[in-house]
There are 4 protein chains.
Amino acid sequence: MNYFEHIPPIGYRGPECDEPFAFRHYDPDRVLDGKPLRDHLRFAVCYWHNFCWEGTDIFGEGTFLRPWHQLSDPMESARAKMDAAFDFMSLLGVPFWTFHDSDIAPAGESWRATRDNLERMVDYAERKMADTGLRLLWGTANLFSHRRYMAGAATNPDPQVFACAAGQIQKALEITHRLGGENYVMWGGREGYETLLNTDLRREQEQLGRMLCMTVDYKHKLGFDGPILIEPKPQEPTKHQYDYDVATIYGLLTRFGLEGEVKVNIEVNHATLAGHSFHHEIAMAQALGLFGSVDANRGDYQNGWDTDQYPNSVDELVMPCYEILRHGGFTSGGFNFDTKLRRQSVAPEDLFHAHIGAMDILALTWEKAAALLASGSLDDARTARYESWGGELGQPILGGDHDLESLAAVVVRDDLQPEPVSGQQELLENRVNAVIHSR
Amino acid sequence: MNYFEHIPPIGYRGPECDEPFAFRHYDPDRVLDGKPLRDHLRFAVCYWHNFCWEGTDIFGEGTFLRPWHQLSDPMESARAKMDAAFDFMSLLGVPFWTFHDSDIAPAGESWRATRDNLERMVDYAERKMADTGLRLLWGTANLFSHRRYMAGAATNPDPQVFACAAGQIQKALEITHRLGGENYVMWGGREGYETLLNTDLRREQEQLGRMLCMTVDYKHKLGFDGPILIEPKPQEPTKHQYDYDVATIYGLLTRFGLEGEVKVNIEVNHATLAGHSFHHEIAMAQALGLFGSVDANRGDYQNGWDTDQYPNSVDELVMPCYEILRHGGFTSGGFNFDTKLRRQSVAPEDLFHAHIGAMDILALTWEKAAALLASGSLDDARTARYESWGGELGQPILGGDHDLESLAAVVVRDDLQPEPVSGQQELLENRVNAVIHSR
Amino acid sequence: MNYFEHIPPIGYRGPECDEPFAFRHYDPDRVLDGKPLRDHLRFAVCYWHNFCWEGTDIFGEGTFLRPWHQLSDPMESARAKMDAAFDFMSLLGVPFWTFHDSDIAPAGESWRATRDNLERMVDYAERKMADTGLRLLWGTANLFSHRRYMAGAATNPDPQVFACAAGQIQKALEITHRLGGENYVMWGGREGYETLLNTDLRREQEQLGRMLCMTVDYKHKLGFDGPILIEPKPQEPTKHQYDYDVATIYGLLTRFGLEGEVKVNIEVNHATLAGHSFHHEIAMAQALGLFGSVDANRGDYQNGWDTDQYPNSVDELVMPCYEILRHGGFTSGGFNFDTKLRRQSVAPEDLFHAHIGAMDILALTWEKAAALLASGSLDDARTARYESWGGELGQPILGGDHDLESLAAVVVRDDLQPEPVSGQQELLENRVNAVIHSR
Amino acid sequence: MNYFEHIPPIGYRGPECDEPFAFRHYDPDRVLDGKPLRDHLRFAVCYWHNFCWEGTDIFGEGTFLRPWHQLSDPMESARAKMDAAFDFMSLLGVPFWTFHDSDIAPAGESWRATRDNLERMVDYAERKMADTGLRLLWGTANLFSHRRYMAGAATNPDPQVFACAAGQIQKALEITHRLGGENYVMWGGREGYETLLNTDLRREQEQLGRMLCMTVDYKHKLGFDGPILIEPKPQEPTKHQYDYDVATIYGLLTRFGLEGEVKVNIEVNHATLAGHSFHHEIAMAQALGLFGSVDANRGDYQNGWDTDQYPNSVDELVMPCYEILRHGGFTSGGFNFDTKLRRQSVAPEDLFHAHIGAMDILALTWEKAAALLASGSLDDARTARYESWGGELGQPILGGDHDLESLAAVVVRDDLQPEPVSGQQELLENRVNAVIHSR
């Protein structure tokens with residue numbers, strides 16, 4: 001069975017190419033600032049939406065009927081799925097993949113059996129990775145699908161559930177390390193509440209802090225040197241999730257002394273569900289020193305749930321890319337496509353169209369963002385805007401040499417009446433567009 | 001001129017009273033848990049919406065035509081306004097009021113003249129307070145209406161603007177202290193950004209931190225012993241405000257070492273604009289030790305801006321009141337009505353209807369919340385829900401005696417398969433309703 | 001197997017009753033305006049959420065593990081499910097139920113087999129209804145779960161899918177008629193679009209109009225005299241649904257000449273997802289002569305998807321109930337609980353708590369609404385507000401005796417400067433609360 | 001006084017031009033499909049935001065301090081404002097302008113005086129238009145700013161207010177006709193409700209219908225042959241506006257027999273506030289035969305009010321432009337910039353940057369949309385998708401030769417099991433991007 005055998009390997013063919021099975025903008029070998037685009041963008045394909053999800057939604061059954069889901073033996077199905085996944089990723093030519101423990105191996109009758117299944121599938125993956133050269137951007141544990149986690153994993157009212165979650169994290173971190181993963185991600189899908197009526201917020205957040213500390217400790221013990229990344233999301237499936245947004249996570253980390261240890265994996269659609277632009281979340285993470293990696297997708301501004309669509313707008317992505325580049329680009333992180341096909345995109349080809357479009361748009365955006373950064377047109381304006389803070393009034397204020405009374409005295413003495421200066425928003429927006437739409 | 005001379009003093013007349021100019025539920029002298037309701041609820045009338053705002057909105061001119069706004073001399077107008085305000089508050093029988101510096105005194109030609117005007121109006125207010133027995137819940141400085149603040153006060157790109165803001169805070173804190181204010185509030189209306197294109201997030205937040213530290217220092221120097229309160233709001237007038245919500249403020253305070261010094265003043269409508277329930281914000285503030293005071297109002301779930309309507313739903317308010325009571329009730333804080341009339345409510349009587357309704361609903365809610373707390377029906381369920389965390393597995397986890405590996409070993413050894421237990425949300429909702437709708 | 005054998009029949013016990021398995025407010029025999037509450041409220045239990053849904057959500061597996069879902073034979077499972085459903089409804093004491101075709105009978109190998117299964121289960125249901133006295137509020141066809149409907153039913157690009165949908169509607173309407181159903185409902189779950197890029201809006205709406213016309217024709221042919229009801233919903237699962245809200249449906253019906261034939265079934269949570277209050281949708285339906293029935297539930301104002309929670313707020317429901325009562329109450333419609341348990345409410349008892357709470361709150365609300373209507377306090381104010389339209393200027397305007405020029409002439413001649421009159425919103429809100437919180 | 005004397009006339013300089021005071025994409029003389037871009041795009045500058053608004057927001061005073069607002073004589077100020085406006089529009093090189101009656105002339109002591117002021121300013125405008133060649137895209141009456149309209153204009157509870165509104169519309173339509181206006185617009189800013197408690201929906205909508213009919217009658221009497229356009233908006237300043245969105249207006253028009261007479265003026269930001277994409281509203285208007293004109297601006301997806309920003313995203317605009325082009329482009333309509341500067345954009349230059357950016361982006365988008373249309377890549381896919389509706393099953397369904405029973409018989413006889421076909425959303429999205437990012 002080769003589900004994708006009729007699809008050619010996807011190569012770069014240039015912007016005027018009409019062929020759908022080709023990249024128009026993503027040339028992995030193209031060098032930008034001394035580094036090939038492949039190493040700038042660090043694309044990853046996710047396992048769950050592409051190979052595990054059957055096309056269900058809350059109102060309807062699966063539409064995809066993938067062949068590996070028709071097999072009755074769970075381990076055989078898991079191997080067939082992995083074959084298809086690596087076939088797909090190889091044809092697509094991405095350097096990385098990402099997975100949850102339960103994505104790649106079925107549960108067994110006991111925890112021991114489950115861990116054995118996982119070990120066997122990790123062996124299988126290890127060979128696949130060696131054969132194809134694919135690398136692991138990050139691994140994670142699924143602590144939200146099984147019914148035991150219905151009321152949270154770390155924040156569950158039952159410590160046995162906490163223990164089960166700890167066991168899964170331990171194993172998932174271990175295999176992530178073994179497979180050479182560059183980060184380890186924690187998405188607290190059910191670490192939140194459905195109703196405050198039965199919830200002890202303080203206690204649950206302390207449980208969460210405990211789990212985070214244990215995870216950081218174990219990472220060090222293992223010798224895993226990638227960062228632990230928390231993925232903010234405000235709600236869904238829960239009414240409220242404790243890792244709401246970047247600013248909330250910052251507070252959580254300072255509370256448990258973990259600012260230096262944990263960073264964030266920012267998802268576009270989670271940002272917008274939290275009432276923020278993706279740009280905001282990236283800029284805030286950079287300002288707080290928390291930036292780690294990106295789940296590249298997009299939401300729908302008219303729908304209030306996680307649609308996880310493939311990114312397709314240079315306009316939406318250019319400033320986030322600019323912020324990442326301005327702070328030096330990715331280190332351990334990358335662009336993971338935490339994206340799913342529309343439920344009507346039932347053809348095998350659709351998986352390719354979706355990823356090709358997303359990769360092309362991000363590659364093009366990245367080049368535009370690099371050009372914008374190189375032009376200095378935004379940075380210069382920003383520097384000029386704050387310039388007087390370097391002067392004789394501004395310096396002592398920031399340096400702690402003024403207090404309210406001394407400043408009040410200056411204001412009255414000099415009768416300060418500073419004249420507003422234009423913020424030039426429209427001009428700066430034009431500068432961004434000038435770069436996007438230059439040739 | 002007595003604008004309200006046709007209105008009688010508002011007294012408690014009991015729930016079956018049909019008369020609109022009377023309280024049906026708010027009996028200030030009724031004792032609950034050893035304290036009269038007046039001291040539980042600590043109601044305050046705000047100056048700005050009630051006496052300064054003329055009924056404009058972004059699409060239309062003022063509708064109210066208050067007589068004090070027709071006077072040509074600014075100081076005469078300010079005194080007439082204050083006369084009307086104290087007449088109103090006395091008739092209504094609230095114990096507290098709240099104001100911004102610029103609400104009570106007009107700007108002069110210079111900062112010195114402005115401060116003089118303010119001094120004179122504070123003298124006037126002091127006499128009014130002595131005459132009526134009204135007290136000051138909190139004062140604050142208006143750092144958002146003047147055009148100098150269009151790009152922020154503490155976070156302005158011009159340090160002269162920062163200085164002007166510092167001067168205003170110094171004076172406002174001083175007069176708040178002089179008038180016996182019980183708290184000092186900071187609402188960062190324009191401490192945020194309109195566009196990230198021209199904004200240095202890190203720098204602006206440091207400026208904000210500097211101002212907060214200076215304010216705390218000055219408070220101590222003055223000997224003012226009320227708390228400094230930040231009022232979270234996510235956006236409007238700015239695109240994004242740095243004091244977005246309680247969790248964000250927690251992070252901001254830890255960053256500048258101010259957790260013990262600064263608390264929050266939570267506004268209902270700001271909570272809902274931030275994507276949270278009011279209950280959430282109160283509970284989060286209590287969990288983080290930040291709870292200070294409340295701006296009692298309500299928003300409109302179908303409109304995306306601050307409507308500042310008068311609170312009118314026991315159902316929406318009962319759980320927030322319960323959270324406040326569960327943590328001991330108000331200390332320095334209270335319920336300030338940061339509320340404005342609908343623009344069509346042009347009659348003087350409407351100011352009374354609005355406040356009477358709001359006070360009645362909060363008084364009734366408070367009693368329901370106290371009864372709910374006394375019944376123990378929620379607390380008992382919550383305690384039971386987390387009970388096993390006190391047991392032999394839970395204790396060592398929280399105590400730091402487990403790590404991921406030891407927990408993984410337990411899980412595998414005992415093959416832990418914890419069975420989900422009902423969260424009983426619907427039952428608990430019924431319990432709340434049983435108290436609301438008991439007689 | 002009797003899943004609910006430990007639960008007693010639920011009876012009315014009065015507001016001070018502490019027992020959870022009892023009604024505190026819903027006394028079905030209590031007579032209001034000459035009619036028992038049972039016949040005012042016309043409560044219905046829905047089949048799908050309560051007996052078909054297994055507690056899955058988009059991120060997690062089922063949590064409920066109902067015994068009838070463990071049976072391997074589909075028809076045996078269907079009968080066990082129906083046994084449990086009728087046990088539940090009998091214990092609860094609701095007069096009505098509602099269902100989709102596929103809720104009660106499994107699909108067979110062919111359409112013929114599917115229809116045979118359905119016939120057999122309708123026979124079974126008919127006996128159950130005779131035994132228990134339960135009646136059918138409405139039936140409907142599930143045209144959204146099967147993968148054939150992924151791109152719509154009536155609006156599908158494939159006419160074969162339209163035909164399948166027509167076949168299902170024909171059968172579902174026939175069995176609804178046979179079971180004495182009082183209405184037939186159409187919810188166009190996938191009659192909308194995922195992307196406009198592949199959608200012909202005009203064509204799809206014409207297909208939808210065709211199906212509606214055929215349904216109305218068949219209703220008449222059958223001799224079914226209940227109304228056809230469309231259930232508005234703005235989005236989810238689709239990006240945009242053609243029956244967005246009441247006003248949109250009005251336009252759709254006028255376009256196909258169906259205003260007199262089709263009415264609406266308004267769901268609370270769909271109203272709020274559409275950006276409207278439930279009150280708005282009820283009032284608009286009454287104003288347009290479209291009101292039919294209600295799916296009573298509630299959404300979550302902080303979450304952007306259909307949460308289908310049980311109604312629990314008198315404050316939210318009182319004005320919608322008042323609007324229904326003001327127009328004479330339900331005729332063929334009723335309150336159907338299109339509600340689902342929280343996924344953590346895994347105990348059989350939770351189904352009772354949820355429905356008991358919902359029925360109690362609606363019964364209490366209905367009495368408050370009736371008292372509000374009887375008081376005349378809102379109607380009198382509204383009548384007074386528009387009174388001058390009955391005068392010498394208003395009458396000829398509405399009667400068509402003025403044109404723009406004649407009115408302009410009057411305005412200039414008399415220099416009309418009408419003075420604003422208070423809209424009294426806060427006073428009217430107080431009047432509503434006075435009724436809610438009277439004893 | 002020439003406020004813009006330091007600004008050069010704005011000319012087309014090509015995409016690589018770095019100069020901010022030049023068009024990079026908008027070459028008015030460039031011919032596309034036999035028509036210069038000027039006549040395709042039909043750009044209009046609005047009077048109100050650009051020349052009347054002083055930079056206030058709901059929390060702050062004006063920031064702009066335009067010189068014409070400093071003059072004490074109202075008519076002198078009105079003329080200075082008009083001088084500046086025509087200077088600006090001439091320098092910018094737009095072909096059209098738009099205005100409200102009260103934008104251009106101050107109110108007088110009486111209606112007669114107000115109308116006289118207006119006449120004089122229309123004389124003044126007429127000369128300006130002759131001198132500059134500027135034309136009027138549309139005129140309108142301001143029926144929302146004066147306090148008399150606080151409770152609506154046509155829908156006011158006081159018929160005298162209706163009469164005042166009728167008088168204003170009469171005059172505004174007359175002067176629009178006199179100035180050669182190509183459309184007349186009605187935005188019902190306060191034709192809605194603040195609370196349903198005091199509102200008679202049915203009556204108010206009938207009043208609105210009456211005003212619409214009178215306006216249409218007067219248009220015919222005048223011999224004005226442009227269309228009457230309603231501008232949908234869901235809310236703000238009211239809680240709910242009766243012309244909520246395109247679909248709602250369709251229902252309103254059919255109710256009063258006005259489908260053929262009235263069309264819509266669609267504003268981008270109003271579409272998004274209504275929960276729709278701009279694309280949706282354009283496509284729906286085209287599907288319903290209602291498309292008239294466009295208010296080109298943009299909202300902020302994170303803020304819930306009308307931000308009226310300048311359009312700046314090809315990605316957001318390309319499909320709406322494609323829909324307009326696919327139906328033949330503008331006839332009487334055009335792109336009116338109903339946009340306002342950010343409040344911090346206080347420099348005269350900012351008005352230019354804002355409009356230049358907007359015009360450039362729309363010109364570029366228009367060309368991309370034309371290329372997309374010419375490519376046929378979307379239309380071909382759409383046609384293919386619905387192809388089977390032309391076949392032997394589809395034709396008779398649409399033709400009315402089938403009923404539910406005959407279709408049910410076909411389904412059972414042939415056991416129809418149509419196989420889902422991919423909707424190809426991702427592929428089509430790639431095709432759009434291929435055109436946007438081709439060279």
# chains A, B, ... in the order shown; residues from 1 in each chain; ligands from 1
call {"tool": "residues_around", "arguments": {"residues": "range 319-336 of chain D", "least_positions_apart": "4", "cutoff": "8 Å", "atoms": "only C-alpha atoms", "output": "PyMOL selection string"}}
result
chain D and resi 40-46+97-98+137+182-183+226-227+278-279+282-283+286+292-296+315+365-366+369-370+372-373
call {"tool": "interface_residues", "arguments": {"of": "chain A", "to": "chain C", "cutoff": "6 Å", "atoms": "only C-alpha atoms", "output": "PyMOL selection string"}}
result
chain A and resi 59-61+63+145+147+304-305
call {"tool": "atom_distance", "arguments": {"atom1": "CA of Gln160 in chain A", "atom2": "CA of Ile249 in chain A"}}
result
25.5 Å
call {"tool": "residues_around", "arguments": {"residues": "Pro418 in chain D", "least_positions_apart": "2", "cutoff": "9 Å", "atoms": "only C-alpha atoms", "output": "list in words"}}
result
Arg148, Asp158, Gln160, Val161 and Cys164 of chain C; Leu416 and Pro420 of chain D
call {"tool": "select_by_dssp", "arguments": {"residues": "range 18-131 of chain D", "states": "strand (DSSP E or B)", "output": "PyMOL selection string"}}
result
chain D and resi 22-23+31-32+35-36+43-46+57+60+96-100
call {"tool": "write_last_selection", "arguments": {"atoms": "C-alpha atoms", "output": "short mmCIF file (atom, residue, chain, number, x, y, z; two decimals), in the first residue's frame"}}
result
data_model
loop_
_atom_site.label_atom_id
_atom_site.label_comp_id
_atom_site.auth_asym_id
_atom_site.auth_seq_id
_atom_site.Cartn_x
_atom_site.Cartn_y
_atom_site.Cartn_z
CA ALA D 22 3.48 59.24 -4.86
CA PHE D 23 1.40 56.32 -6.05
CA VAL D 31 -6.37 50.98 -19.20
CA LEU D 32 -7.73 47.66 -18.07
CA LYS D 35 -11.42 51.40 -19.27
CA PRO D 36 -8.95 53.51 -17.31
CA PHE D 43 -12.38 56.51 -5.58
CA ALA D 44 -14.10 58.96 -3.29
CA VAL D 45 -12.83 60.89 -0.26
CA CYS D 46 -15.33 61.30 2.57
CA ASP D 57 -12.52 59.43 20.93
CA GLY D 60 -10.23 61.81 24.88
CA PHE D 96 -15.20 61.81 -6.28
CA TRP D 97 -16.22 63.05 -2.87
CA THR D 98 -19.05 62.21 -0.45
CA PHE D 99 -20.72 64.17 2.37
CA HIS D 100 -23.54 64.50 4.90
#
call {"tool": "select_by_dssp", "arguments": {"residues": "range 284-436 of chain C", "states": "alpha helix (DSSP H)", "output": "ChimeraX atom specification"}}
result
/C:284-287,314-326,348-375,377-385,394-398,404-414,425-436
call {"tool": "closest_residue", "arguments": {"among": "C:Lys128, C:Lys219, C:Arg203, C:Arg298", "to": "Leu173 in chain C", "atoms": "only C-alpha atoms"}}
result
C:Lys219
call {"tool": "residues_around", "arguments": {"residues": "Thr383 in chain A", "least_positions_apart": "4", "cutoff": "10 Å", "atoms": "only C-alpha atoms", "output": "PyMOL selection string"}}
result
(chain A and resi 378-379+387-388) or (chain B and resi 157+198-200)
call {"tool": "write_last_selection", "arguments": {"atoms": "N, CA, C and O atoms", "output": "mmCIF file, in the first residue's frame"}}
result
data_model
loop_
_atom_site.group_PDB
_atom_site.id
_atom_site.type_symbol
_atom_site.label_atom_id
_atom_site.label_comp_id
_atom_site.auth_asym_id
_atom_site.auth_seq_id
_atom_site.Cartn_x
_atom_site.Cartn_y
_atom_site.Cartn_z
ATOM 1 N N LEU A 378 11.310 50.325 9.440
ATOM 2 C CA LEU A 378 10.534 50.360 10.673
ATOM 3 C C LEU A 378 11.407 50.635 11.882
ATOM 4 O O LEU A 378 11.055 51.423 12.761
ATOM 5 N N ASP A 379 12.549 49.979 11.939
ATOM 6 C CA ASP A 379 13.423 50.153 13.105
ATOM 7 C C ASP A 379 13.883 51.592 13.252
ATOM 8 O O ASP A 379 13.939 52.121 14.364
ATOM 9 N N GLU A 387 13.530 58.623 20.902
ATOM 10 C CA GLU A 387 14.869 59.183 21.044
ATOM 11 C C GLU A 387 15.051 60.048 22.288
ATOM 12 O O GLU A 387 16.080 59.996 22.963
ATOM 13 N N SER A 388 14.030 60.845 22.611
ATOM 14 C CA SER A 388 14.248 61.783 23.713
ATOM 15 C C SER A 388 14.383 61.094 25.067
ATOM 16 O O SER A 388 14.787 61.716 26.045
ATOM 17 N N PRO B 157 6.253 57.879 24.255
ATOM 18 C CA PRO B 157 7.612 57.999 23.704
ATOM 19 C C PRO B 157 8.316 59.296 24.113
ATOM 20 O O PRO B 157 9.520 59.426 23.875
ATOM 21 N N ASN B 198 5.076 50.836 15.469
ATOM 22 C CA ASN B 198 5.898 51.923 16.012
ATOM 23 C C ASN B 198 6.185 51.754 17.505
ATOM 24 O O ASN B 198 6.566 52.714 18.169
ATOM 25 N N THR B 199 5.989 50.542 18.005
ATOM 26 C CA THR B 199 6.008 50.340 19.455
ATOM 27 C C THR B 199 7.145 49.432 19.909
ATOM 28 O O THR B 199 7.379 48.376 19.319
ATOM 29 N N ASP B 200 7.803 49.852 20.974
ATOM 30 C CA ASP B 200 8.829 49.035 21.614
ATOM 31 C C ASP B 200 8.217 48.515 22.910
ATOM 32 O O ASP B 200 8.221 49.183 23.940
#
call {"tool": "closest_residue", "arguments": {"among": "D:Asn265, D:Thr155, D:Thr339, D:Ser313", "to": "Ile361 in chain D", "atoms": "only C-alpha atoms"}}
result
D:Ser313
call {"tool": "decode", "arguments": {"residues": "range 35-107 of chain C", "atoms": "C-alpha atoms", "output": "PDB file, in the first residue's frame"}}
result
ATOM      1  CA  LYS C  35     -54.228  26.234  31.754  1.00  0.00           C
ATOM      2  CA  PRO C  36     -51.948  23.881  33.687  1.00  0.00           C
ATOM      3  CA  LEU C  37     -48.234  24.705  33.543  1.00  0.00           C
ATOM      4  CA  ARG C  38     -47.638  21.410  31.731  1.00  0.00           C
ATOM      5  CA  ASP C  39     -49.601  22.782  28.767  1.00  0.00           C
ATOM      6  CA  HIS C  40     -48.019  26.207  28.962  1.00  0.00           C
ATOM      7  CA  LEU C  41     -44.427  25.013  28.929  1.00  0.00           C
ATOM      8  CA  ARG C  42     -44.740  21.889  26.793  1.00  0.00           C
ATOM      9  CA  PHE C  43     -41.340  20.544  27.791  1.00  0.00           C
ATOM     10  CA  ALA C  44     -39.593  18.080  25.530  1.00  0.00           C
ATOM     11  CA  VAL C  45     -36.505  15.937  26.040  1.00  0.00           C
ATOM     12  CA  CYS C  46     -34.260  15.531  23.028  1.00  0.00           C
ATOM     13  CA  TYR C  47     -33.016  12.113  22.065  1.00  0.00           C
ATOM     14  CA  TRP C  48     -29.659  12.898  20.483  1.00  0.00           C
ATOM     15  CA  HIS C  49     -27.616  14.625  23.165  1.00  0.00           C
ATOM     16  CA  ASN C  50     -29.050  12.595  25.997  1.00  0.00           C
ATOM     17  CA  PHE C  51     -29.066   9.099  24.571  1.00  0.00           C
ATOM     18  CA  CYS C  52     -26.925   9.043  21.422  1.00  0.00           C
ATOM     19  CA  TRP C  53     -23.984  11.261  22.314  1.00  0.00           C
ATOM     20  CA  GLU C  54     -21.256   9.386  24.178  1.00  0.00           C
ATOM     21  CA  GLY C  55     -19.495  12.363  25.767  1.00  0.00           C
ATOM     22  CA  THR C  56     -16.939  12.945  23.026  1.00  0.00           C
ATOM     23  CA  ASP C  57     -15.652  16.367  22.118  1.00  0.00           C
ATOM     24  CA  ILE C  58     -13.326  17.417  19.359  1.00  0.00           C
ATOM     25  CA  PHE C  59     -10.307  16.723  21.580  1.00  0.00           C
ATOM     26  CA  GLY C  60     -11.453  13.650  23.437  1.00  0.00           C
ATOM     27  CA  GLU C  61     -13.182  10.286  23.423  1.00  0.00           C
ATOM     28  CA  GLY C  62     -16.520   9.476  25.050  1.00  0.00           C
ATOM     29  CA  THR C  63     -16.696   9.639  28.810  1.00  0.00           C
ATOM     30  CA  PHE C  64     -20.188   8.329  29.507  1.00  0.00           C
ATOM     31  CA  LEU C  65     -19.940   4.608  28.686  1.00  0.00           C
ATOM     32  CA  ARG C  66     -23.708   4.195  28.580  1.00  0.00           C
ATOM     33  CA  PRO C  67     -24.598   0.479  28.689  1.00  0.00           C
ATOM     34  CA  TRP C  68     -26.632   0.616  25.466  1.00  0.00           C
ATOM     35  CA  HIS C  69     -23.568   1.767  23.579  1.00  0.00           C
ATOM     36  CA  GLN C  70     -21.722  -1.391  24.650  1.00  0.00           C
ATOM     37  CA  LEU C  71     -24.069  -3.736  22.800  1.00  0.00           C
ATOM     38  CA  SER C  72     -22.802  -5.161  19.550  1.00  0.00           C
ATOM     39  CA  ASP C  73     -26.072  -5.696  17.686  1.00  0.00           C
ATOM     40  CA  PRO C  74     -27.226  -2.325  16.320  1.00  0.00           C
ATOM     41  CA  MET C  75     -30.950  -2.986  16.598  1.00  0.00           C
ATOM     42  CA  GLU C  76     -30.601  -4.438  20.076  1.00  0.00           C
ATOM     43  CA  SER C  77     -28.646  -1.350  21.019  1.00  0.00           C
ATOM     44  CA  ALA C  78     -31.322   0.888  19.504  1.00  0.00           C
ATOM     45  CA  ARG C  79     -34.032  -0.830  21.534  1.00  0.00           C
ATOM     46  CA  ALA C  80     -32.011  -0.691  24.759  1.00  0.00           C
ATOM     47  CA  LYS C  81     -31.398   2.989  24.118  1.00  0.00           C
ATOM     48  CA  MET C  82     -35.089   3.589  23.568  1.00  0.00           C
ATOM     49  CA  ASP C  83     -35.953   1.667  26.718  1.00  0.00           C
ATOM     50  CA  ALA C  84     -33.589   3.882  28.689  1.00  0.00           C
ATOM     51  CA  ALA C  85     -34.882   7.042  27.023  1.00  0.00           C
ATOM     52  CA  PHE C  86     -38.509   6.280  27.817  1.00  0.00           C
ATOM     53  CA  ASP C  87     -37.588   5.206  31.357  1.00  0.00           C
ATOM     54  CA  PHE C  88     -35.836   8.531  31.800  1.00  0.00           C
ATOM     55  CA  MET C  89     -38.596  10.645  30.311  1.00  0.00           C
ATOM     56  CA  SER C  90     -41.276   8.865  32.310  1.00  0.00           C
ATOM     57  CA  LEU C  91     -39.418   9.349  35.555  1.00  0.00           C
ATOM     58  CA  LEU C  92     -38.843  12.980  34.699  1.00  0.00           C
ATOM     59  CA  GLY C  93     -42.471  13.514  33.772  1.00  0.00           C
ATOM     60  CA  VAL C  94     -42.071  15.551  30.584  1.00  0.00           C
ATOM     61  CA  PRO C  95     -44.958  15.432  28.156  1.00  0.00           C
ATOM     62  CA  PHE C  96     -42.913  15.447  24.932  1.00  0.00           C
ATOM     63  CA  TRP C  97     -39.850  14.096  23.181  1.00  0.00           C
ATOM     64  CA  THR C  98     -38.013  15.005  19.956  1.00  0.00           C
ATOM     65  CA  PHE C  99     -35.710  13.000  17.669  1.00  0.00           C
ATOM     66  CA  HIS C 100     -33.827  12.720  14.370  1.00  0.00           C
ATOM     67  CA  ASP C 101     -34.437   9.675  12.172  1.00  0.00           C
ATOM     68  CA  SER C 102     -30.910   8.370  12.697  1.00  0.00           C
ATOM     69  CA  ASP C 103     -31.098   8.834  16.483  1.00  0.00           C
ATOM     70  CA  ILE C 104     -33.552   6.017  16.915  1.00  0.00           C
ATOM     71  CA  ALA C 105     -32.560   3.508  14.259  1.00  0.00           C
ATOM     72  CA  PRO C 106     -29.226   2.373  12.842  1.00  0.00           C
ATOM     73  CA  ALA C 107     -28.355   2.640   9.171  1.00  0.00           C
TER      74      ALA C 107
END
